[in-house]
Amino acid sequence: MSTLRSSLATPDRPPAKDMVWIPGGTFLMGSDHHYEEEAPAHRVRVDGFWIDRYPVTNAQFQKFVKTTGHVTVAEQSANPADYPGADPTLLVPSSIVFTPPSGPVDKANHYNWWTYVRGASWRHPEGKGSSLKGRENHPVVHVAYADVLAYAQWIGKELPREAEWEFAARGGLEEKEFAWGDDLYPDSKFMANTFQGQFPYHNSAADGYDRTSPVGNFPANGYGLYDMIGNVWEWTEDWYQQHRQIQKPACCTLDNPRGGSQQTSPDPSIAGVAIPRKVVKGGSFLCAPDYCRRYRPAARMAQGIDTSTCHMVFLCIIRSPG
């Protein structure tokens, strides 16, 4: 296991290659103008920290697997005792893959485009027959929370808290819609890998990609970080709770806030089983103007810790000691 989590994590000395120092500060977290779970916007202060310049790639994750022998959640059969009454065919090694329908569908039913695919994993992003060839520098996907935590611990880093992630994603901009300003396509330029066309059945791929793109392929934000918006959602350390559940005086700034608890985060609607959820941030290649406008720093989503998908990844941080 690496020992990066040490006194080397100081502002003047990068603890590892391709890490960027975020000086910390106070900002307005969340938004009152979009989805309910983002409100209310509230003042937050975070300490400085180092953060990966890019999301973790397939090549980096492959090195971790070769070194440790780690087997991801998607590569293991689920325990039937954890999912009483579940269809046994869904408990085999599998993961969730975006499968576009042939035409318009009811957007209120996400099962119209999400499919459990047997054999889908980080090695086989679309299932058996697919591979990582040519995608070594793409972000690793089909990683559940236990997988990202294992990688972070192995390399001697941690996962960002939601407030740290959002502060970093904003790139030093205050109260802007996107990580680069208020225009989704400034001067008709694509700033992130998102969905163009009619979701979910027609992606024109005007930005050059209909699924993941190599990390660093779109412009960096003001802190020099890549892919904080679009391409793939990113796991955070925080248990999910609604911003409205935060207990604090209206007058004050939250100092280095943490999320809820495992007890406050379960979603009882998943097959009748309470699945604890973490916060994921940043949106993905599936976010579109006509569906899931979550390609913004304030956007957030609850993700079950037992679940892996084709559009979810992570990056790591190192907090300065003291």
# chains A, B, ... in the order shown; residues from 1 in each chain; ligands from 1
>>> select_by_dssp(residues="region 59-241 of chain A", states="strand (DSSP E)", output="ChimeraX atom specification")
/A:94-98,114-118,197-198,202-203,233-239
>>> closest_atom_pairs(of="region 139-228 of chain A", to="region 93-108 of chain A", cutoff="9 Å", atoms="only C-alpha atoms", output="Markdown table")
| residue | atom | partner | partner_atom | distance |
| --- | --- | --- | --- | --- |
| A:His142 | CA | A:Ser95 | CA | 6.5 |
| A:Gln198 | CA | A:Pro104 | CA | 8.2 |
| A:Phe199 | CA | A:Pro104 | CA | 8.0 |
| A:Pro200 | CA | A:Pro100 | CA | 5.8 |
| A:Tyr201 | CA | A:Pro100 | CA | 5.1 |
| A:His202 | CA | A:Pro100 | CA | 7.7 |
>>> residues_around(residues="Val313 (chain A)", least_positions_apart="4", cutoff="10 Å", atoms="only C-alpha atoms", output="ChimeraX atom specification")
/A:55-57,139-145,148,231-236,280-281,284,308-309
>>> residues_around(residues="region 181-195 of chain A", least_positions_apart="6", cutoff="8 Å", atoms="only C-alpha atoms", output="list of chain:residue names")
A:Leu173, A:Asn203, A:Ser204, A:Ala205, A:Asp207, A:Tyr209, A:Asp210, A:Thr212, A:Ser213, A:Phe218, A:Pro219, A:Asp227, A:Ile229, A:Gly230, A:Asn231, A:Ser284, A:Phe285, A:Leu286, A:Cys287, A:Ala288, A:Pro289, A:Tyr295
>>> closest_atom_pairs(of="region 87-169 of chain A", to="region 34-42 of chain A", cutoff="12 Å", atoms="only C-alpha atoms", output="CSV")
residue,atom,partner,partner_atom,distance
A:Glu162,CA,A:Glu38,CA,11.8
A:Ala163,CA,A:His42,CA,10.8
A:Glu166,CA,A:Glu38,CA,11.7
>>> write_last_selection(atoms="all heavy atoms", output="JSON list (two decimals), in the first residue's frame")
[["chain", "number", "residue", "atom", "x", "y", "z"],
["A", 162, "GLU", "N", -18.32, 15.89, -0.55],
["A", 162, "GLU", "CA", -19.09, 16.60, -1.56],
["A", 162, "GLU", "C", -18.69, 18.08, -1.63],
["A", 162, "GLU", "O", -18.54, 18.63, -2.73],
["A", 162, "GLU", "CB", -20.58, 16.49, -1.29],
["A", 162, "GLU", "CG", -21.42, 17.22, -2.33],
["A", 162, "GLU", "CD", -22.92, 17.15, -2.10],
["A", 162, "GLU", "OE1", -23.35, 16.62, -1.05],
["A", 162, "GLU", "OE2", -23.67, 17.65, -2.95],
["A", 163, "ALA", "N", -18.54, 18.73, -0.50],
["A", 163, "ALA", "CA", -18.20, 20.15, -0.50],
["A", 163, "ALA", "C", -16.83, 20.39, -1.13],
["A", 163, "ALA", "O", -16.64, 21.35, -1.89],
["A", 163, "ALA", "CB", -18.23, 20.70, 0.92],
["A", 166, "GLU", "N", -17.23, 19.92, -4.95],
["A", 166, "GLU", "CA", -17.93, 21.03, -5.61],
["A", 166, "GLU", "C", -17.07, 22.29, -5.65],
["A", 166, "GLU", "O", -17.05, 23.00, -6.65],
["A", 166, "GLU", "CB", -19.26, 21.30, -4.92],
["A", 166, "GLU", "CG", -20.10, 22.35, -5.65],
["A", 166, "GLU", "CD", -21.52, 22.45, -5.14],
["A", 166, "GLU", "OE1", -22.09, 21.43, -4.69],
["A", 166, "GLU", "OE2", -22.08, 23.57, -5.20]]
